[in-house]
$ cat start_3.cif   # mmCIF, N, CA and C atoms
data_input
loop_
_atom_site.label_atom_id
_atom_site.label_comp_id
_atom_site.auth_asym_id
_atom_site.auth_seq_id
_atom_site.Cartn_x
_atom_site.Cartn_y
_atom_site.Cartn_z
N MET A 533 53.12 53.53 145.15
CA MET A 533 52.27 54.57 145.67
C MET A 533 52.50 55.86 144.88
N ALA A 534 51.43 56.47 144.40
CA ALA A 534 51.52 57.70 143.62
C ALA A 534 51.70 58.89 144.56
N LYS A 535 52.51 59.83 144.13
CA LYS A 535 52.75 61.02 144.94
C LYS A 535 51.60 62.00 144.76
N SER A 536 51.34 62.78 145.81
CA SER A 536 50.29 63.78 145.72
C SER A 536 50.85 65.14 145.27
N GLU A 537 52.18 65.31 145.38
CA GLU A 537 52.83 66.54 144.95
C GLU A 537 54.20 66.23 144.34
N VAL A 538 54.61 67.05 143.38
CA VAL A 538 55.91 66.91 142.72
C VAL A 538 56.50 68.31 142.54
N ARG A 539 57.82 68.40 142.62
CA ARG A 539 58.48 69.68 142.36
C ARG A 539 58.13 70.16 140.96
N ILE A 540 57.89 71.46 140.83
CA ILE A 540 57.46 71.99 139.54
C ILE A 540 58.54 71.87 138.47
N ASP A 541 59.82 72.05 138.85
CA ASP A 541 60.88 71.93 137.85
C ASP A 541 60.99 70.51 137.31
N LYS A 542 60.81 69.51 138.19
CA LYS A 542 60.84 68.12 137.74
C LYS A 542 59.66 67.82 136.82
N TRP A 543 58.49 68.32 137.17
CA TRP A 543 57.29 68.05 136.38
C TRP A 543 57.41 68.70 134.99
N LEU A 544 57.90 69.94 134.93
CA LEU A 544 58.07 70.63 133.65
C LEU A 544 59.02 69.88 132.73
N TRP A 545 60.08 69.35 133.30
CA TRP A 545 61.03 68.56 132.53
C TRP A 545 60.42 67.22 132.11
N ALA A 546 59.71 66.57 133.03
CA ALA A 546 59.15 65.24 132.77
C ALA A 546 58.10 65.26 131.67
N VAL A 547 57.32 66.34 131.59
CA VAL A 547 56.28 66.41 130.56
C VAL A 547 56.76 67.14 129.31
N ARG A 548 58.06 67.29 129.19
CA ARG A 548 58.72 67.77 127.98
C ARG A 548 58.43 69.23 127.62
N ILE A 549 58.16 70.05 128.61
CA ILE A 549 58.02 71.49 128.34
C ILE A 549 59.41 72.10 128.17
N PHE A 550 60.37 71.56 128.93
CA PHE A 550 61.76 71.97 128.80
C PHE A 550 62.62 70.75 128.49
N LYS A 551 63.69 70.99 127.72
CA LYS A 551 64.54 69.89 127.27
C LYS A 551 65.35 69.27 128.40
N THR A 552 65.80 70.08 129.35
CA THR A 552 66.56 69.55 130.49
C THR A 552 65.98 70.10 131.79
N ARG A 553 66.27 69.42 132.87
CA ARG A 553 65.78 69.88 134.16
C ARG A 553 66.49 71.18 134.56
N THR A 554 67.72 71.32 134.17
CA THR A 554 68.47 72.55 134.47
C THR A 554 67.80 73.75 133.82
N ILE A 555 67.36 73.59 132.57
CA ILE A 555 66.67 74.69 131.88
C ILE A 555 65.36 75.00 132.58
N ALA A 556 64.64 73.97 133.02
CA ALA A 556 63.38 74.16 133.75
C ALA A 556 63.64 74.92 135.06
N THR A 557 64.69 74.54 135.78
CA THR A 557 65.03 75.20 137.04
C THR A 557 65.39 76.66 136.79
N ASP A 558 66.19 76.92 135.76
CA ASP A 558 66.58 78.30 135.43
C ASP A 558 65.36 79.15 135.07
N ALA A 559 64.42 78.57 134.33
CA ALA A 559 63.21 79.31 133.96
C ALA A 559 62.42 79.69 135.20
N CYS A 560 62.35 78.79 136.17
CA CYS A 560 61.67 79.10 137.43
C CYS A 560 62.39 80.22 138.18
N LYS A 561 63.72 80.13 138.25
CA LYS A 561 64.50 81.14 138.95
C LYS A 561 64.38 82.51 138.31
N LYS A 562 64.21 82.55 136.99
CA LYS A 562 64.10 83.82 136.26
C LYS A 562 62.68 84.37 136.26
N GLY A 563 61.75 83.67 136.90
CA GLY A 563 60.38 84.16 137.00
C GLY A 563 59.53 83.91 135.77
N ARG A 564 59.90 82.95 134.95
CA ARG A 564 59.16 82.66 133.72
C ARG A 564 58.08 81.61 133.92
N VAL A 565 58.03 81.02 135.11
CA VAL A 565 57.04 79.99 135.41
C VAL A 565 56.18 80.47 136.57
N SER A 566 54.87 80.35 136.41
CA SER A 566 53.99 80.72 137.52
C SER A 566 52.95 79.62 137.75
N LEU A 567 52.57 79.49 138.98
CA LEU A 567 51.58 78.50 139.40
C LEU A 567 50.40 79.31 139.92
N GLY A 568 49.29 79.23 139.21
CA GLY A 568 48.19 80.13 139.54
C GLY A 568 48.60 81.52 139.12
N ASP A 569 48.60 82.46 140.06
CA ASP A 569 49.03 83.83 139.75
C ASP A 569 50.36 84.18 140.39
N ALA A 570 50.98 83.22 141.08
CA ALA A 570 52.24 83.48 141.78
C ALA A 570 53.42 82.87 141.03
N ILE A 571 54.53 83.59 141.02
CA ILE A 571 55.74 83.08 140.40
C ILE A 571 56.21 81.87 141.20
N ALA A 572 56.58 80.81 140.48
CA ALA A 572 56.95 79.55 141.14
C ALA A 572 58.46 79.38 141.18
N LYS A 573 58.99 79.14 142.36
CA LYS A 573 60.41 78.79 142.50
C LYS A 573 60.55 77.31 142.13
N PRO A 574 61.76 76.85 141.82
CA PRO A 574 61.95 75.47 141.36
C PRO A 574 61.44 74.40 142.32
N ALA A 575 61.50 74.65 143.62
CA ALA A 575 61.10 73.64 144.60
C ALA A 575 59.60 73.68 144.92
N ARG A 576 58.88 74.60 144.30
CA ARG A 576 57.44 74.71 144.54
C ARG A 576 56.76 73.41 144.12
N MET A 577 55.83 72.95 144.93
CA MET A 577 55.14 71.69 144.65
C MET A 577 53.90 71.93 143.80
N VAL A 578 53.70 71.04 142.84
CA VAL A 578 52.56 71.12 141.95
C VAL A 578 51.63 69.95 142.24
N LYS A 579 50.31 70.19 142.15
CA LYS A 579 49.31 69.15 142.43
C LYS A 579 48.42 68.98 141.21
N VAL A 580 47.69 67.88 141.16
CA VAL A 580 46.74 67.64 140.08
C VAL A 580 45.68 68.74 140.11
N GLY A 581 45.38 69.30 138.95
CA GLY A 581 44.39 70.36 138.83
C GLY A 581 44.98 71.76 138.79
N ASP A 582 46.27 71.90 139.14
CA ASP A 582 46.92 73.22 139.10
C ASP A 582 47.05 73.71 137.66
N ILE A 583 47.09 75.03 137.52
CA ILE A 583 47.34 75.66 136.23
C ILE A 583 48.76 76.22 136.26
N VAL A 584 49.60 75.75 135.34
CA VAL A 584 50.99 76.20 135.25
C VAL A 584 51.12 77.07 134.01
N LYS A 585 51.70 78.27 134.18
CA LYS A 585 51.94 79.16 133.05
C LYS A 585 53.44 79.29 132.84
N VAL A 586 53.85 79.11 131.59
CA VAL A 586 55.26 79.17 131.23
C VAL A 586 55.42 80.24 130.16
N ARG A 587 56.27 81.23 130.45
CA ARG A 587 56.53 82.31 129.50
C ARG A 587 57.76 81.97 128.68
N LYS A 588 57.52 81.70 127.38
CA LYS A 588 58.61 81.51 126.42
C LYS A 588 58.36 82.55 125.34
N PRO A 589 59.00 83.73 125.48
CA PRO A 589 58.66 84.84 124.58
C PRO A 589 58.64 84.40 123.13
N PRO A 590 57.65 84.85 122.39
CA PRO A 590 56.67 85.89 122.71
C PRO A 590 55.36 85.33 123.31
N VAL A 591 55.31 84.05 123.61
CA VAL A 591 54.06 83.41 124.03
C VAL A 591 54.13 82.98 125.50
N THR A 592 52.98 83.07 126.19
CA THR A 592 52.85 82.52 127.53
C THR A 592 51.92 81.31 127.42
N TYR A 593 52.49 80.13 127.60
CA TYR A 593 51.72 78.89 127.51
C TYR A 593 51.05 78.60 128.85
N SER A 594 49.87 77.98 128.78
CA SER A 594 49.15 77.57 129.99
C SER A 594 48.86 76.08 129.92
N PHE A 595 49.12 75.38 131.04
CA PHE A 595 48.92 73.93 131.10
C PHE A 595 48.14 73.57 132.35
N ARG A 596 47.22 72.62 132.22
CA ARG A 596 46.50 72.08 133.39
C ARG A 596 47.16 70.75 133.74
N VAL A 597 47.49 70.57 134.99
CA VAL A 597 48.13 69.34 135.47
C VAL A 597 47.05 68.26 135.60
N LEU A 598 47.19 67.17 134.84
CA LEU A 598 46.23 66.06 134.90
C LEU A 598 46.74 64.91 135.76
N ALA A 599 48.06 64.74 135.79
CA ALA A 599 48.68 63.68 136.59
C ALA A 599 50.10 64.11 136.92
N LEU A 600 50.69 63.45 137.90
CA LEU A 600 52.04 63.82 138.35
C LEU A 600 53.05 62.74 137.98
N THR A 601 54.27 63.20 137.70
CA THR A 601 55.37 62.30 137.42
C THR A 601 56.68 63.03 137.67
N GLU A 602 57.70 62.27 138.07
CA GLU A 602 59.04 62.83 138.22
C GLU A 602 59.97 62.28 137.14
N ASN A 603 59.48 61.29 136.40
CA ASN A 603 60.30 60.65 135.37
C ASN A 603 59.92 61.18 134.00
N ARG A 604 60.93 61.35 133.16
CA ARG A 604 60.72 61.86 131.80
C ARG A 604 59.81 60.92 131.03
N LEU A 605 58.83 61.49 130.34
CA LEU A 605 57.85 60.71 129.61
C LEU A 605 58.16 60.65 128.13
N GLY A 606 57.66 59.61 127.48
CA GLY A 606 57.69 59.57 126.03
C GLY A 606 56.68 60.58 125.51
N ALA A 607 56.92 61.12 124.35
CA ALA A 607 56.07 62.17 123.81
C ALA A 607 54.60 61.73 123.68
N LYS A 608 54.37 60.46 123.40
CA LYS A 608 53.00 59.97 123.23
C LYS A 608 52.23 59.94 124.55
N LEU A 609 52.93 59.87 125.67
CA LEU A 609 52.27 59.80 126.98
C LEU A 609 51.96 61.17 127.59
N VAL A 610 52.54 62.22 127.06
CA VAL A 610 52.40 63.56 127.64
C VAL A 610 50.93 63.99 127.78
N PRO A 611 50.04 63.77 126.81
CA PRO A 611 48.64 64.22 126.96
C PRO A 611 47.92 63.61 128.17
N GLU A 612 48.40 62.49 128.70
CA GLU A 612 47.79 61.90 129.88
C GLU A 612 48.17 62.65 131.16
N TYR A 613 49.23 63.46 131.10
CA TYR A 613 49.75 64.14 132.28
C TYR A 613 49.48 65.64 132.28
N MET A 614 49.21 66.22 131.12
CA MET A 614 48.92 67.65 131.08
C MET A 614 48.00 67.97 129.91
N GLU A 615 47.29 69.08 130.06
CA GLU A 615 46.41 69.57 129.01
C GLU A 615 46.86 70.99 128.66
N ASN A 616 47.08 71.23 127.38
CA ASN A 616 47.49 72.56 126.95
C ASN A 616 46.23 73.43 126.85
N ILE A 617 46.14 74.44 127.70
CA ILE A 617 44.98 75.33 127.70
C ILE A 617 45.40 76.76 127.33
N THR A 618 46.43 76.87 126.52
CA THR A 618 46.92 78.17 126.08
C THR A 618 45.83 78.86 125.26
N PRO A 619 45.52 80.12 125.55
CA PRO A 619 44.49 80.83 124.79
C PRO A 619 44.85 80.94 123.31
N ARG A 620 43.84 80.91 122.47
CA ARG A 620 44.04 80.97 121.01
C ARG A 620 44.81 82.24 120.61
N SER A 621 44.57 83.34 121.31
CA SER A 621 45.25 84.60 120.97
C SER A 621 46.77 84.47 121.11
N GLU A 622 47.23 83.71 122.10
CA GLU A 622 48.67 83.50 122.29
C GLU A 622 49.24 82.65 121.15
N LEU A 623 48.51 81.62 120.74
CA LEU A 623 48.97 80.75 119.66
C LEU A 623 48.99 81.50 118.33
N ASP A 624 48.03 82.41 118.13
CA ASP A 624 48.01 83.23 116.92
C ASP A 624 49.24 84.13 116.88
N LEU A 625 49.64 84.64 118.03
CA LEU A 625 50.84 85.47 118.12
C LEU A 625 52.07 84.69 117.67
N LEU A 626 52.13 83.42 118.06
CA LEU A 626 53.24 82.56 117.66
C LEU A 626 53.28 82.39 116.14
N GLU A 627 52.11 82.21 115.53
CA GLU A 627 52.03 82.07 114.07
C GLU A 627 52.52 83.33 113.37
N ILE A 628 52.14 84.49 113.91
CA ILE A 628 52.56 85.76 113.31
C ILE A 628 54.08 85.88 113.33
N VAL A 629 54.68 85.49 114.44
CA VAL A 629 56.14 85.56 114.56
C VAL A 629 56.80 84.60 113.57
N LYS A 630 56.23 83.39 113.41
CA LYS A 630 56.78 82.42 112.45
C LYS A 630 56.72 82.96 111.03
N ILE A 631 55.59 83.58 110.68
CA ILE A 631 55.41 84.10 109.33
C ILE A 631 56.36 85.25 109.05
N SER A 632 56.54 86.13 110.03
CA SER A 632 57.38 87.31 109.81
C SER A 632 58.84 86.92 109.58
N GLY A 633 59.27 85.82 110.19
CA GLY A 633 60.62 85.31 109.95
C GLY A 633 61.69 86.33 110.22
N PHE A 634 62.52 86.57 109.21
CA PHE A 634 63.67 87.47 109.37
C PHE A 634 63.37 88.88 108.88
N ILE A 635 62.14 89.17 108.57
CA ILE A 635 61.82 90.48 108.02
C ILE A 635 62.20 91.60 108.98
N ASP A 636 61.91 91.42 110.26
CA ASP A 636 62.16 92.47 111.24
C ASP A 636 63.46 92.26 112.00
N ARG A 637 64.46 91.63 111.38
CA ARG A 637 65.69 91.34 112.09
C ARG A 637 66.44 92.64 112.40
N ARG A 638 66.80 92.85 113.63
CA ARG A 638 67.54 94.03 114.05
C ARG A 638 69.03 93.84 113.77
N LYS A 639 69.75 94.94 113.79
CA LYS A 639 71.19 94.93 113.55
C LYS A 639 71.87 94.00 114.55
N GLY A 640 72.74 93.14 114.06
CA GLY A 640 73.52 92.28 114.92
C GLY A 640 72.87 90.95 115.25
N LEU A 641 71.74 90.64 114.62
CA LEU A 641 71.06 89.38 114.93
C LEU A 641 71.35 88.31 113.89
N GLY A 642 72.60 88.13 113.56
CA GLY A 642 72.97 87.03 112.70
C GLY A 642 73.18 87.42 111.26
N ARG A 643 73.63 86.44 110.52
CA ARG A 643 73.93 86.64 109.11
C ARG A 643 72.65 86.70 108.29
N PRO A 644 72.73 87.37 107.13
CA PRO A 644 71.57 87.37 106.24
C PRO A 644 71.34 85.96 105.70
N THR A 645 70.10 85.65 105.38
CA THR A 645 69.80 84.37 104.76
C THR A 645 70.29 84.41 103.32
N LYS A 646 70.29 83.27 102.64
CA LYS A 646 70.69 83.23 101.24
C LYS A 646 69.83 84.17 100.40
N ARG A 647 68.54 84.13 100.68
CA ARG A 647 67.61 84.97 99.92
C ARG A 647 67.93 86.44 100.12
N GLU A 648 68.18 86.85 101.38
CA GLU A 648 68.50 88.24 101.65
C GLU A 648 69.83 88.63 101.01
N GLY A 649 70.78 87.69 100.99
CA GLY A 649 72.06 87.95 100.34
C GLY A 649 71.90 88.19 98.85
N ARG A 650 71.05 87.38 98.20
CA ARG A 650 70.80 87.55 96.77
C ARG A 650 70.12 88.88 96.50
N GLU A 651 69.15 89.25 97.36
CA GLU A 651 68.46 90.53 97.19
C GLU A 651 69.43 91.70 97.36
N LEU A 652 70.32 91.60 98.33
CA LEU A 652 71.31 92.65 98.55
C LEU A 652 72.26 92.75 97.37
N SER A 653 72.71 91.61 96.85
CA SER A 653 73.60 91.58 95.70
C SER A 653 72.91 92.19 94.48
N ARG A 654 71.66 91.84 94.27
CA ARG A 654 70.89 92.37 93.14
C ARG A 654 70.74 93.88 93.28
N PHE A 655 70.47 94.34 94.48
CA PHE A 655 70.30 95.77 94.73
C PHE A 655 71.59 96.53 94.44
N THR A 656 72.71 96.03 94.95
CA THR A 656 73.98 96.74 94.73
C THR A 656 74.38 96.71 93.26
N GLN A 657 74.10 95.60 92.57
CA GLN A 657 74.40 95.50 91.15
C GLN A 657 73.57 96.52 90.36
N GLU A 658 72.29 96.65 90.70
CA GLU A 658 71.43 97.62 90.02
C GLU A 658 71.90 99.04 90.31
N ALA A 659 72.33 99.31 91.52
CA ALA A 659 72.82 100.64 91.87
C ALA A 659 74.09 100.96 91.08
N TYR A 660 74.95 99.97 90.91
CA TYR A 660 76.20 100.16 90.16
C TYR A 660 75.90 100.43 88.69
N GLU A 661 74.96 99.64 88.13
CA GLU A 661 74.60 99.82 86.72
C GLU A 661 73.93 101.16 86.48
N SER A 662 73.11 101.61 87.42
CA SER A 662 72.43 102.89 87.25
C SER A 662 73.42 104.05 87.36
N SER A 663 74.54 103.87 88.06
CA SER A 663 75.54 104.93 88.16
C SER A 663 76.23 105.13 86.81
N ASP A 664 76.35 104.06 86.01
CA ASP A 664 76.92 104.19 84.67
C ASP A 664 75.98 104.99 83.77
N ASP A 665 74.68 104.79 83.93
CA ASP A 665 73.70 105.50 83.12
C ASP A 665 73.70 106.99 83.42
N MET A 666 74.07 107.35 84.63
CA MET A 666 74.06 108.75 85.03
C MET A 666 75.36 109.46 84.64
N GLY A 667 76.29 108.74 84.10
CA GLY A 667 77.53 109.36 83.66
C GLY A 667 78.58 109.48 84.75
N TRP A 668 78.36 108.85 85.86
CA TRP A 668 79.36 108.89 86.91
C TRP A 668 80.49 107.94 86.54
N ASP A 669 81.70 108.42 86.64
CA ASP A 669 82.84 107.59 86.30
C ASP A 669 83.76 107.53 87.51
N PHE A 670 83.87 106.36 88.10
CA PHE A 670 84.69 106.21 89.28
C PHE A 670 86.08 105.66 88.96
N ASP A 671 86.37 105.43 87.69
CA ASP A 671 87.67 104.90 87.31
C ASP A 671 88.68 106.04 87.27
N PHE A 672 89.85 105.77 87.82
CA PHE A 672 90.90 106.77 87.79
C PHE A 672 91.72 106.57 86.53
N ASP A 673 92.08 107.68 85.93
CA ASP A 673 92.94 107.60 84.75
C ASP A 673 94.39 107.52 85.21
N ASP A 674 95.14 106.66 84.57
CA ASP A 674 96.55 106.56 84.91
C ASP A 674 97.29 107.83 84.53
N ASP A 675 96.79 108.52 83.51
CA ASP A 675 97.45 109.75 83.10
C ASP A 675 97.37 110.79 84.20
N PHE A 676 96.27 110.83 84.90
CA PHE A 676 96.09 111.81 85.97
C PHE A 676 97.10 111.55 87.09
N LEU A 677 97.33 110.28 87.42
CA LEU A 677 98.30 109.94 88.46
C LEU A 677 99.71 110.27 88.01
N ASP A 678 100.00 110.04 86.72
CA ASP A 678 101.35 110.33 86.20
C ASP A 678 101.64 111.83 86.24
N ASP A 679 100.61 112.66 85.96
CA ASP A 679 100.80 114.10 85.95
C ASP A 679 101.16 114.62 87.35
N GLU A 680 100.55 114.06 88.39
CA GLU A 680 100.82 114.55 89.75
C GLU A 680 102.21 114.12 90.23
N GLU A 681 102.69 112.99 89.76
CA GLU A 681 104.01 112.53 90.19
C GLU A 681 105.12 113.39 89.63
N SER A 682 104.93 113.97 88.45
CA SER A 682 105.99 114.74 87.84
C SER A 682 106.00 116.20 88.21
#
$ encode --input "start_3.cif" --output "structure tokens"
Amino acid sequence: MAKSEVRIDKWLWAVRIFKTRTIATDACKKGRVSLGDAIAKPARMVKVGDIVKVRKPPVTYSFRVLALTENRLGAKLVPEYMENITPRSELDLLEIVKISGFIDRRKGLGRPTKREGRELSRFTQEAYESSDDMGWDFDFDDDFLDDEES
């Protein structure tokens, strides 16, 4: 016998929106999942035809419930249970974020990539070479140190 309602956290996990049920439950508790226009708690029941919105910054995904399940599905079966109705504008936002990559990385958000490291090395090398052209001499003479000691 097919169920007429399923817990939203179980359904989100079963249709592979979240990797684990615990993550799905936490997302509900943090207010990142809504059913219709109301924030959904983990035990909220979902029915066929409901619209589920999941906020995974920077995008808010929208899904229409086509069928119910409590068991984890294979990836090929997911389209039979839900329809992705996320607006094109949200998906375009995701593409923009992918393209921008590490360009806008704020301080403290991880190590530089290899490419950024090479660019930084090239920049510092050029700065060092240009200091020689300007006549700046940062080398200390040993004679100067000897004079102060005596």
$ atom_distance --input "start_3.cif" --atom1 "CA of Met614 in chain A" --atom2 "CA of Leu598 in chain A"
4.9 Å
$ atom_distance --input "start_3.cif" --atom1 "CA of Glu612 in chain A" --atom2 "CA of Arg553 in chain A"
20.1 Å
$ atom_distance --input "start_3.cif" --atom1 "CA of Thr645 in chain A" --atom2 "atom C of Arg548 in chain A"
29.7 Å
$ resolve_selection --input "start_3.cif" --expression "the PyMOL selection byres ((chain A and resi 575-581) around 5)" --output "MDAnalysis selection string"
chainID A and resid 537:540 573:574 582:583 597:598
$ resolve_selection --input "start_3.cif" --expression "the PyMOL selection byres (((chain A and resi 591-595 and name CA) around 7) and name CA)" --output "JSON, numbers by chain"
{"A": [583, 584, 585, 586, 587, 588, 589, 590, 596, 597, 614, 615, 616, 617, 618, 622, 626]}
$ write_last_selection --input "start_3.cif" --atoms "N, CA and C atoms" --output "mmCIF file, in the frame of the given file"
data_model
loop_
_atom_site.group_PDB
_atom_site.id
_atom_site.type_symbol
_atom_site.label_atom_id
_atom_site.label_comp_id
_atom_site.auth_asym_id
_atom_site.auth_seq_id
_atom_site.Cartn_x
_atom_site.Cartn_y
_atom_site.Cartn_z
ATOM 1 N N ILE A 583 47.090 75.030 137.520
ATOM 2 C CA ILE A 583 47.340 75.660 136.230
ATOM 3 C C ILE A 583 48.760 76.220 136.260
ATOM 4 N N VAL A 584 49.600 75.750 135.340
ATOM 5 C CA VAL A 584 50.990 76.200 135.250
ATOM 6 C C VAL A 584 51.120 77.070 134.010
ATOM 7 N N LYS A 585 51.700 78.270 134.180
ATOM 8 C CA LYS A 585 51.940 79.160 133.050
ATOM 9 C C LYS A 585 53.440 79.290 132.840
ATOM 10 N N VAL A 586 53.850 79.110 131.590
ATOM 11 C CA VAL A 586 55.260 79.170 131.230
ATOM 12 C C VAL A 586 55.420 80.240 130.160
ATOM 13 N N ARG A 587 56.270 81.230 130.450
ATOM 14 C CA ARG A 587 56.530 82.310 129.500
ATOM 15 C C ARG A 587 57.760 81.970 128.680
ATOM 16 N N LYS A 588 57.520 81.700 127.380
ATOM 17 C CA LYS A 588 58.610 81.510 126.420
ATOM 18 C C LYS A 588 58.360 82.550 125.340
ATOM 19 N N PRO A 589 59.000 83.730 125.480
ATOM 20 C CA PRO A 589 58.660 84.840 124.580
ATOM 21 C C PRO A 589 58.640 84.400 123.130
ATOM 22 N N PRO A 590 57.650 84.850 122.390
ATOM 23 C CA PRO A 590 56.670 85.890 122.710
ATOM 24 C C PRO A 590 55.360 85.330 123.310
ATOM 25 N N ARG A 596 47.220 72.620 132.220
ATOM 26 C CA ARG A 596 46.500 72.080 133.390
ATOM 27 C C ARG A 596 47.160 70.750 133.740
ATOM 28 N N VAL A 597 47.490 70.570 134.990
ATOM 29 C CA VAL A 597 48.130 69.340 135.470
ATOM 30 C C VAL A 597 47.050 68.260 135.600
ATOM 31 N N MET A 614 49.210 66.220 131.120
ATOM 32 C CA MET A 614 48.920 67.650 131.080
ATOM 33 C C MET A 614 48.000 67.970 129.910
ATOM 34 N N GLU A 615 47.290 69.080 130.060
ATOM 35 C CA GLU A 615 46.410 69.570 129.010
ATOM 36 C C GLU A 615 46.860 70.990 128.660
ATOM 37 N N ASN A 616 47.080 71.230 127.380
ATOM 38 C CA ASN A 616 47.490 72.560 126.950
ATOM 39 C C ASN A 616 46.230 73.430 126.850
ATOM 40 N N ILE A 617 46.140 74.440 127.700
ATOM 41 C CA ILE A 617 44.980 75.330 127.700
ATOM 42 C C ILE A 617 45.400 76.760 127.330
ATOM 43 N N THR A 618 46.430 76.870 126.520
ATOM 44 C CA THR A 618 46.920 78.170 126.080
ATOM 45 C C THR A 618 45.830 78.860 125.260
ATOM 46 N N GLU A 622 47.230 83.710 122.100
ATOM 47 C CA GLU A 622 48.670 83.500 122.290
ATOM 48 C C GLU A 622 49.240 82.650 121.150
ATOM 49 N N LEU A 626 52.130 83.420 118.060
ATOM 50 C CA LEU A 626 53.240 82.560 117.660
ATOM 51 C C LEU A 626 53.280 82.390 116.140
#
$ residues_around --input "start_3.cif" --residues "Asp541 in chain A" --least-positions-apart "3" --cutoff "5 Å" --atoms "only N, CA and C atoms" --output "PyMOL selection string"
chain A and resi 544-545+556+574
$ write_last_selection --input "start_3.cif" --atoms "N, CA and C atoms" --output "short mmCIF file (atom, residue, chain, number, x, y, z; two decimals), in the frame of the given file"
data_model
loop_
_atom_site.label_atom_id
_atom_site.label_comp_id
_atom_site.auth_asym_id
_atom_site.auth_seq_id
_atom_site.Cartn_x
_atom_site.Cartn_y
_atom_site.Cartn_z
N LEU A 544 57.90 69.94 134.93
CA LEU A 544 58.07 70.63 133.65
C LEU A 544 59.02 69.88 132.73
N TRP A 545 60.08 69.35 133.30
CA TRP A 545 61.03 68.56 132.53
C TRP A 545 60.42 67.22 132.11
N ALA A 556 64.64 73.97 133.02
CA ALA A 556 63.38 74.16 133.75
C ALA A 556 63.64 74.92 135.06
N PRO A 574 61.76 76.85 141.82
CA PRO A 574 61.95 75.47 141.36
C PRO A 574 61.44 74.40 142.32
#
$ select_by_dssp --input "start_3.cif" --residues "range 538-634 of chain A" --states "strand (DSSP E)" --output "PyMOL selection string"
chain A and resi 538-539+565-567+570-571+577-578+583-588+591-597+614-616
$ resolve_selection --input "start_3.cif" --expression "the PyMOL selection byres (((chain A and resi 602-609 and name CA) around 7) and name CA)" --output "number ranges by chain"
A: 538, 542-543, 545-547, 601, 610-612
